[in-house]
Structure formats: structure tokens, C-alpha cells
Number of protein chains: 4
Amino acid sequence: MIIVIKPHATQSQIDEVTAEVEKLGYTPHTISGALQTVVAAIGDETTHHTLESLNALAQVERVLPVQKRYKLASRESHPQPTVIDVDGVPMGGAALAVIAGPCSVESADQLLATARAVKAAGATLLRGGAYKPRTSPYEFQGLGKEGLRLLRAAKEETGLKIVTELLSEYDADIVAETADMLQIGARNSQNFRLLVAAARTGKPILLKRGMSQRIEEWLLSAEYILSSGNPNVMLCERGIRTFETYTRNTLDLAAVAAAKSESHLPVIVDPSQGCGRADLVPALCAGAVALGADGLIIEVHPNPAEALSDGQQQVDFGMFRQLMAGLEPFLKAVNKPGIHAASGSLATFDAASASA
Amino acid sequence: MIIVIKPHATQSQIDEVTAEVEKLGYTPHTISGALQTVVAAIGDETTHHTLESLNALAQVERVLPVQKRYKLASRESHPQPTVIDVDGVPMGGAALAVIAGPCSVESADQLLATARAVKAAGATLLRGGAYKPRTSPYEFQGLGKEGLRLLRAAKEETGLKIVTELLSEYDADIVAETADMLQIGARNSQNFRLLVAAARTGKPILLKRGMSQRIEEWLLSAEYILSSGNPNVMLCERGIRTFETYTRNTLDLAAVAAAKSESHLPVIVDPSQGCGRADLVPALCAGAVALGADGLIIEVHPNPAEALSDGQQQVDFGMFRQLMAGLEPFLKAVNKPGIHAASGSLATFDAASASA
Amino acid sequence: MIIVIKPHATQSQIDEVTAEVEKLGYTPHTISGALQTVVAAIGDETTHHTLESLNALAQVERVLPVQKRYKLASRESHPQPTVIDVDGVPMGGAALAVIAGPCSVESADQLLATARAVKAAGATLLRGGAYKPRTSPYEFQGLGKEGLRLLRAAKEETGLKIVTELLSEYDADIVAETADMLQIGARNSQNFRLLVAAARTGKPILLKRGMSQRIEEWLLSAEYILSSGNPNVMLCERGIRTFETYTRNTLDLAAVAAAKSESHLPVIVDPSQGCGRADLVPALCAGAVALGADGLIIEVHPNPAEALSDGQQQVDFGMFRQLMAGLEPFLKAVNKPGIHAASGSLATFDAASASA
Amino acid sequence: MIIVIKPHATQSQIDEVTAEVEKLGYTPHTISGALQTVVAAIGDETTHHTLESLNALAQVERVLPVQKRYKLASRESHPQPTVIDVDGVPMGGAALAVIAGPCSVESADQLLATARAVKAAGATLLRGGAYKPRTSPYEFQGLGKEGLRLLRAAKEETGLKIVTELLSEYDADIVAETADMLQIGARNSQNFRLLVAAARTGKPILLKRGMSQRIEEWLLSAEYILSSGNPNVMLCERGIRTFETYTRNTLDLAAVAAAKSESHLPVIVDPSQGCGRADLVPALCAGAVALGADGLIIEVHPNPAEALSDGQQQVDFGMFRQLMAGLEPFLKAVNKPGIHAASGSLATFDAASASA
């Protein structure tokens, strides 16, 4: 760490800092600048006591960390990109992974119709919330166990892998029985106990970025899962909260490139949450692919206007088919061979089959 | 709800909207404006299906909710301010409640020394994290059960009531055995299952505002607790995340007045988290009192420079005494009689006793 | 506008609102809902007195505008996309327009070398600040008139069109003599007098989005230019200010699709300012093209490490050539025929010519 | 500056950095840490070339500035608080300065009535916009020169000093003829040419913080004025733009204490813009005084519901009288003797006189 001393500090004040640095296990190294002194504290920041508390000293202006705070998630620790196996579907590899399905599981009909439609259009994983984190307690909270049952039935019929959200530590085992990949939602991105509980199921984890989470903090949330012994973490950019109100969130597509540069973990994009408007979803999918996203998670509903949650951001079957067909030239542009089909083979992807 | 139709929509497109409104249980009322048509959907928005999904229709420009989404938390439902009894200490009443103590419980010595000091200066409740939500898994995670034991010992000696954070649904019972008030931290402000688990312990709840939570959403998080049958919720403004980096968060003091106007629940302020800098804490305490806060929660440490977490925002004993003495004229200005002592009697509050 | 009346308002309070609405020239239309009354005020919001001031009445809960506030900038007023002619280079048409050059004009050598390099790689317009808006008065403020002279010389040699920033009303004429397109920077996006002064030069305007400007407000800034009689406005998304610190700004690529949907004006992207890091620029360029941007403005410097301003976000000549070559497949994916060459012909765009 | 080198950089890459540091005029000092090397560049950062461009080198992870970027605005350069004389009214001294008046000057009657009312309640300066920066070109733009004439007439009658906004460099002289203090609005806080033009009039400047301006950047805007030879700068916190929508802006009251700690300049608060809601203005005034503000600028209108701009945030005469009377105990709490009357004498300030 670098400790910046205020201008006009006395030598004894500087000595107090270096003594404290030594006491906390680092080797201090004092550099007297033109106007200010800085103390470099040499030692591994991830194994020593933090020095940020030195800010409490009156003569200290700032404490600047030098090292990155994440290890297992970093590119340096693992230069090759990680590919995650989700019950046979690789994520983070050569092809694009498309997870699609309704915001919430609402009924057998709604889910099955959607599963068939997204499969026909090339998706290989089915999303659908059985437990829903809703801002108000009076909003639809999901079908719970019945929702899980419907997801299993949809998998049985279509072969699509299941991605569904885990809301509660108590539900970790029961949700993991159904899910091929557990989703941790944005509101729980720093619910560290839930991260650990999810990690311990052994299932791959889809980790959404929190609404006000910096990229560094997002990777540290991933670090909680990785350091709990579960190496299968996939990051998901889903929009951050800003002052803009035209879109529900501001999709930070630069974060895709940033996360892939800083980390070896696969990164996907949720354009539905990311903008909260179905009309912008196709353009954001194209942008995500162009920026190197490893996958997409897209909300699809048979009749969005009547959806029990977030209809405004769900595309209908026709829009989804078009959207998937429209991705083809962008996949070529990034040298991705296509979209993974459930069996691991690549889906054929021409307009004809997409509209079949 | 008000559904704004796009300009140039056809009559049949408008009819489609009104039909949908009826189908979802509302009575539509069409108003043709100068350039645009709006449909007012009449019905109780809290008991009907949401109409926000109507945004999915191409001819709909926007859907504007009319009613407030919270009920039990609202002033309308409960015009008198709520006073919460925390093991004999009233919060939200005539006097100011001061919760003080270390960010983390670090040791018996550290906690007891702090408890004695904050009591001597007039605090009536002791804070201290036994379970700590830390951004990195490599940071100090708290002493856990041993931390709870130390908190009980400190209460036994000093009589201070205990406020400590609940991080996990699994720990609800064990933490509730020690805590007189359970804290839900900012990172868990929309961890709805934890809110419900905390509510069910029957203990009063201190609900921090999330880092990117709008006031409406914060009150809806309170609504989760209230609608679970626990009426004892106290709101805590602790700073929101913005672009400013001089302070760790931006303390939104207007939110204190806003929350007290919208809701009957008591509202306190956490200036320590709110700015992340000990030097600004005293001024923010004065501001919070002036704006009508019902209490303060302040981080105090015997030696902040060596604190295991967040030393830069913790005040030492001398600063805390000064800060408390300095609040006296502001308490007079807002007609608060003083600060609640543990027995419910008011602490005497002159500089002499404060520095005793 | 829709005026939402508070619950429990009396009839005479409602009458006061409708009387005020009439007085301000609208026709009131009262709708009594299940729990609340709303008053629809019928009249053209763009030609009448605002009703937002009615929020001042105690019985009014909220005033919701219905109409969009921009007219000339809107798609409704002008369904076809606008193509701007910048001294022979069309912007907003079939091809992608690439503006490239140094952040600041620093010297004849630096500018000419850069102009040659960006032309060789396919750019058709040259950027370069002669007047620089710098956060600190002690930072390099640009070469001023000498900078303009160097830009003219670079145009003379290379034929590249000149895009340069206007900082002061006083400089409008002198900058317009050199510039083929005047840039209004993010810090001046709501400097309405400068917008009007720029408009009056008759030159096409590149209007950057302000750092905290909502899309609606950005279009209203464009409306200032359009309503001053200058139809040639091009919007530029350049990143908004958020809590994220990994990037200098958060590039809001959804705003490209949003602005193109709401408005007929061409929209370009500034990835250099947008992220503040040269390493992310190529990925953001690809994303911008995929999202439908009409052009790019990219900072290029012969030796970024020694740049007098913002070196960290400037790419060098080699990176720029690679970046341009890398855009080719994305141009194909969006059916753009290529990049406009200065003469209006399309640049050939294969890796071989790009590295020539 | 501190240059953090990436882990695993080679010695020759480190040498390249130190060579560059020397070339740019600093003395490099290399410190090899446990895992990473840092180079301290010793030299006065305010007189040397920036090193931030070194981020452009691949082996550089980050460049951390050490020194503060503002000089004349800093406490270090000027330990005593600055008191500004506004035509006889001291600002930044012992007493609180209250600037009050309408958002916009609308008519002789409106302005004079307001001037009389605010004077009677204790204000010593009159605000009122003659030139208004409005988000839309279709909104009321102010009365211009006629507005200035009305302000002069109001001053003649009441003796109140005039504070009014400067929007255009061209208007600097004409506005300075009328204004005793020139206001630079939030939208122009980084319109550096306007800052300099305002400075050169010699009038005291009220500098509002920009909507997305960090405290450091705000002080650097002040530095533009100070370094242009005008020492009379007063800072005004007026709310920053965040995700919250309950209030129009988020008033950052901690910034008052921060700015007063970092700088010697007086700091006032604009609660009207700061929250955009008249109902919260009185509480925010109390908070501002408690936090040490040197003054307040408050919007007052005879009939806010019919105001031509921002009625929702303007208080009426009765509310203003109450608000002023309500400040008295807070002034006592901060040891301020009262509010400056126009003559420099202190206004008497009991409820009786306030309601006279």
C-alpha cells in the first residue's frame, strides 16, 4: 500500500506512520517528494492486515492499495479462459450460449410453450424464476416448489438445461436438485452467505452484477464462490443503476470487455434487465456479442402484456426468433461458430430454421 | 394506473388497450387529449394485477402508476409516529437514541473498553458486528458466536442494549438471542428472505437503506417486515452510492425528512458509513439531528488506526465524547430533551459529565 | 398533463386544482379512481404554461407530463433518418463515418503524422482540440488559434474534414472558419447560449451528451440547435458519470439505440472518452457499430504515453489500424458498405490496405 | 505521482517507465514490493507535465496522483476563512447570509412583493433569474434586460443586494452592472470560459456545484476564477444527480463540511434546487446551518402554483417567514449571531418580527 502523508507533517508524525506500518507486518519505505512524503508499505496485501485504517491518523491524507484484491478470479492466476460445463452445455467456449425463457414461471402452459419456442429458435438453456425477488411484498412472488416441478417437466420434454434463481440459503438444496445452473440475482450479489451456500451445492453459478457494484466488487463476489471450492462461476452483466430513466438500468457493456480482461471467468449479458424495454433487447444482444460476451440470457414470454412480472422487458416468440436469426452475422464477425445446442452440438442458425 | 398511448395510434389500438385493462380487472376510462390519448385504469393497484406489462404493447408509450406501493409503512395508514421499545429504550420518541460501538467486535478488551466509553458519553445502545459482510472473502469476517458472547458480556456489565447485524437466515435465532435489535445491512436491504427471517424473530429491526435503493424501495423493504407481522422497524439512512469519491458514500440527509414525511417509522442516521471519514462524522451528526433524525448509529473504536475493519470512519473515545457534548445545542434546537439513557431516563448531557 | 391528487383530499381541494388548470389554459378532466382522484389536463403541453408548478399545492401528489418535450428532434416530426453533409462527407447515411485524431493539437508534427496515419487507415474526418476544456486551469489548455492553423494545414494536405471543439461564444466565428463540423463538448451540453452561437454559424454540430444528462435532456439540447434554424445536428454518446471507477465514464451504448429510435438525428459514439482506457476502445467500437451507431470518434496519438492530455485513452497508429481492420466484419453484419472516404467514396477496408 | 507496474513486468519494462518519468521532468524512485513494483515520481505535480498518460504503457497498471490539484482554493494556501464583501454584506463571516427571491423574475409586481417579503423576514440579498438556463427551448427563458431593470428597481426600494445568474460571456458586463454577486449555475460549472468572463468583471461569484461534479472538480472550477485574479468566490452546494427520484437532486450536505475543510472559501446551500420540493426546504435549511453552511439561497414566490419556472420548489411568503423564524435556534447552536441585514447589522430574529 502507499500511504500519502499530508503536506507540512512533522518527522515524528511520519515516524508514527512507519511504526504503525511495521507493527502491522509490512516493511515501510519512505520517499520524500517535492512537497509531500509517501510511505510505501511492502508486503502481500492479501495476507496482511489492511492498512486502510491508517486513514484514521490525522497526518495521513490517503491510503492507496497497490495490489488487486481478487486472486482466484484474476487472469493472472488463470490465464486461460474458463469453460463451464452445464450438464453438457459448455459456457465460455467457442460458441455463444443462449439462456432464454420467462421472467417468472407462471403455469405449465406458459412455461412449456416458451421452452418449445426458445428451443426451436436455438436456445440451449431455459430460464424461469420459481422464487422471485420482488421489490414489493404484494407483487407475485413466484410459484416456488411448483415452479421447480414445472421446470423439471420442461427439461424432460425439451432437453433444455435449467437456470433458475436461488433466493434463500434454506432453498439451496431443493433448487439445486432442479437447476443445472443456479442464478444469484443482482439484489443478492453481496449476500455473501447465499454465495457460499450456492457454491456448496456444487452446481455452476450464474452471478449477476449488483445494481451498484463496481467491477472489482463483482469479481470479489465471484471470489467468495471460488474460494468456497466451486470453480464454476459465470459472470452476468445486467445493468447498473444510474440517473437515466429512459431505460430501467444502464447496461454497462464495457464491463463485459473489462471483466474478460481482468478475469478468466465467462461473462454473459442480460439485455432484458439491462434496459427494461423489449424494443431495445435485439440491439443490445448484437452489442453484447460484438463486445465478446460468452452468452446471453433473454426473457421471453408468450404474451408479454399479461406477464405477472416485467412484461415490458420480455420479447414474444416472434421477436425472439427474429432476434436469434439476427445474431448470426455478429457471431460470424466474432468468429463464434454459432450457438450451442443442448447436446453440445452447434445449432444450425439460418433464418429458415429459426422461423420454423 | 395511467396508460399513455403513443401519438397517431389507431382507434383499434386504443381499444386493444382498454380491452386488456378490463381483462386485468380494472375499469378503463379513456381521455382524448390534444395530441395523445390516455387511458385511466381505475381499481386498487395494490390488489390488482400490475399493468406495467402493458408497456409491452407497441402502441403504449408509458404506464404511470398512481398509488403508492407501500401501505403498512405509510403515514396515511398510521398518522402517529411509531415508537419502538428496544428492551426498555424507546426509539422514535421524544429523545434522541444513540447507538455506538465498534464496526466489528474484535476482542473482549476492545469491546468492553468501547462499551464503557460510549456509555459514559451518553449512548444507550451498543453496536458491534459479530458477523461482518465484507467485500472480499480475505477480509476479517467477524468473530461469529464468540462475538455474540462478548456482546452479551458487555451488556451484562454496562446495561447497554445490543444492536448487531444478521447476515444469514440460518443465524436468525442465535443472533436474536443476543441482540435487542437486529440490524439488516445495506447489502441485504433487498434480501427479502432475510428480511422475513429477521421479522419472524420478533425482535425490533434496524433496516439500513441499500446503496442504490430509492426511498420508495426502502419503504417497500420495510413493508416486507411489517407485513410479516413485525411492527418494530426502524429505518437507517447510511449513504447512497454516487460518483463522488471524496466520501465513501453520499449521505442523503433529505431522505431523513422524506422518510419521516412518507412513513410513521422512526428514522436514524449512520454518519460513519455515510461518509467513511471520521473527520466528517461530528458535522453529519449535527446535520442529522437538525433534520429530525430519531437517532444516530456511530462507529467508535479505542484505536481506529489498528481497527480490523473500516478504521478510517471510526472515531476514538475522545472524539466521541466531544461529538456527544457538541450535539446538546442541536437537541435543544429541535426540542429533544436529550439522549435516552439505558434505563429510559434521559442522560445528563453537559460537557463536564461527558468528559467524566 | 396528469395531476395526481393525494388520497383523502376534499372536493374543494380538487376544485382548486381544476380551477388552476383552467386558469393556465388547459381543459380539466377529473377521474375518480378507487382510492385517488386524478385530473387530466388537456391541451398541448409544448405551447401552454407548465403545470409542474401545481406540485406546489398541498393536495397535489405528483404532476405527470404526457407529451414528449422535444419536437424537431423527434422521429414523429421527421420519420426519415437525417443525413448530414460535412463538406462532402455524409454522416448518418449508409456508411460508417470515422472521425479520428489526437485529443489535443500539440504540434505540427504530431498533428500531421496523425492525420496521415488515420487517413491511411480509413478515417475521413480529423479531430483535434485547439481549445481544450480542462478540469484544472493548470492543465494544457490547447494551442488556440495556432491549433486552428495546424488543423487547416492538415486538411490541406490530407483532405480530411475537420472536427474541433467550440468552447466560447466569442470564438464561434473563428472556429467555424476552420471547422467543417463544430463539436460541443460534454461539459457544455447544457450551455444553451453556446449551443445557439454554434447553431448560428451554420456549420454542422456534433453534440456530445452531458455527463449526467438524461436522453430526453440531450435531445432537448439538440432542440436548441434545431430551433435556432440549424438542422445539422449529430448526437454523440460519450459515456455518463456513474459510481464505476474502472472506466472513466460508463459508455451507455443502449442510448445509441434509444436515441436513434426517438430521433431522426445521426448518432455516433466516442469510445475514447467513454471508457478512458485505450485497451477497451477496440471492443467498444465493435459494440457501437453492432448497436447501429452512424459513426465513431476515436482519439489517436503518435505516442500516447507523452500526450499532453488524456494519453491513457488514446490509441497509437498501430492499434488504430488494427481497430479499423477489425471493424470490417461488424460493418458487414450491420449491412454498412464500409467507411466513408473523404471524397464520399467508400474506403476499401481489408487488413492489407489498412496496414499499408 | 505513483506509477504502479503490473505484476510480472520485466526489468526492461520497468526501465522504460523510469526513463519516461525522467524525460517528463520527474525524479523516479523505484520500490520493489512483495509482488509488484511501484515507481514514485518526485516533482511538483502542478508545475510538471502530467504522468497520467503513462497509463498508455502496457506494463503500467495505474497512475496515482499524490498532490491535490487545487492551490489557491486550498486551506493550505490560505488557512483563514475568506470573507467576501457583497456591496457591504459580508459572506463567510460570523453571521448567516440569506439570499432569497423567485426562481425567475416574472414581473414588477411579483419581484417587488417578493423582495419586500423576504426582506421583512430577514434576508439581505435578493435572488431572481433574468436569464434562465432551461432544459427545453420552449420553456420560459427569462425577461432578460427587463429582468435586470426590475432587479435594480427592487434593490433601490429595498436595499437588498442582487444575486443573479450569468448565462453568456456576452452578457458579463451588462449583468455585472446590476448584480452585486454573479451566479454561475450548475449547468455552467465547467463552462470555463464563462468562469473566466465572470471573474474578470471583478464582482463576487457564487459558484454552484455541477450536477455530476466531484468536490475536487468543483474546487478546480473555483480555481479558474481565483487564478483569473478574482478572490471573491463563494461555493454553493445545490444537489447532485443520482438515481433517487423522490427528490429532484440529492443534496450532498457532507460536501459543505468537506468543502469548508478543504478550502477557505465560504460555502452556502441551495435547498430549493437541492431537493426540488418546497415541503423539504425548511428541514434542509436547518441541516445546512447545522453542518456549518455560511449561507442559504432560497427560492420564494408569491404564488408558487403559478410560477413560470420550478413552482414546486418555491416556498410562499408564509412558509418563508416560518422557515426563517425556525432557523433561530440552529443559529444559536452553531454560535452564529443571526442573519446579516442589508446594512451589515444583524437582523433581529424572533418570531414576532419575522411575522411582522
# chains A, B, ... in the order shown; residues from 1 in each chain; ligands from 1

$ interface_residues --of "chain B" --to "chain C" --cutoff "7 Å" --atoms "only C-alpha atoms" --output "VMD selection string"
chain B and resid 4 33 to 35 42 to 44 66 241 to 243

$ select_by_dssp --residues "region 59-243 of chain D" --states "alpha helix (DSSP H)" --output "number ranges by chain"
D: 108-120, 145-158, 172-178, 192-200, 215-226

$ residues_around --residues "region 171-179 of chain B" --least-positions-apart "5" --cutoff "12 Å" --atoms "only C-alpha atoms" --output "PyMOL selection string"
(chain A and resi 169-170+193) or (chain B and resi 86-87+125-131+144-156+160-166+184+193-206)

$ select_by_dssp --residues "region 147-215 of chain D" --states "strand (DSSP E)" --output "ChimeraX atom specification"
/D:161-165,181-184,205-208

$ write_last_selection --atoms "C-alpha atoms" --output "tab-separated table (two decimals), in the first residue's frame"
chain	number	residue	atom	x	y	z
D	161	LYS	CA	-28.22	43.18	-2.70
D	162	ILE	CA	-28.73	41.48	-6.03
D	163	VAL	CA	-27.62	37.95	-6.94
D	164	THR	CA	-28.43	36.90	-10.48
D	165	GLU	CA	-27.20	34.34	-12.93
D	181	MET	CA	-22.88	38.94	-7.00
D	182	LEU	CA	-22.85	36.90	-10.19
D	183	GLN	CA	-24.22	33.40	-10.06
D	184	ILE	CA	-22.72	30.63	-12.19
D	205	ILE	CA	-19.02	34.99	-7.80
D	206	LEU	CA	-21.46	32.44	-6.46
D	207	LEU	CA	-20.28	29.16	-7.98
D	208	LYS	CA	-22.80	26.33	-7.97

$ residues_around --residues "region 114-118 of chain C" --least-positions-apart "3" --cutoff "12 Å" --atoms "only C-alpha atoms" --output "VMD selection string"
chain C and resid 98 to 111 121 to 128 150 to 162 297 to 304 314 to 324 341 to 342 354 to 356
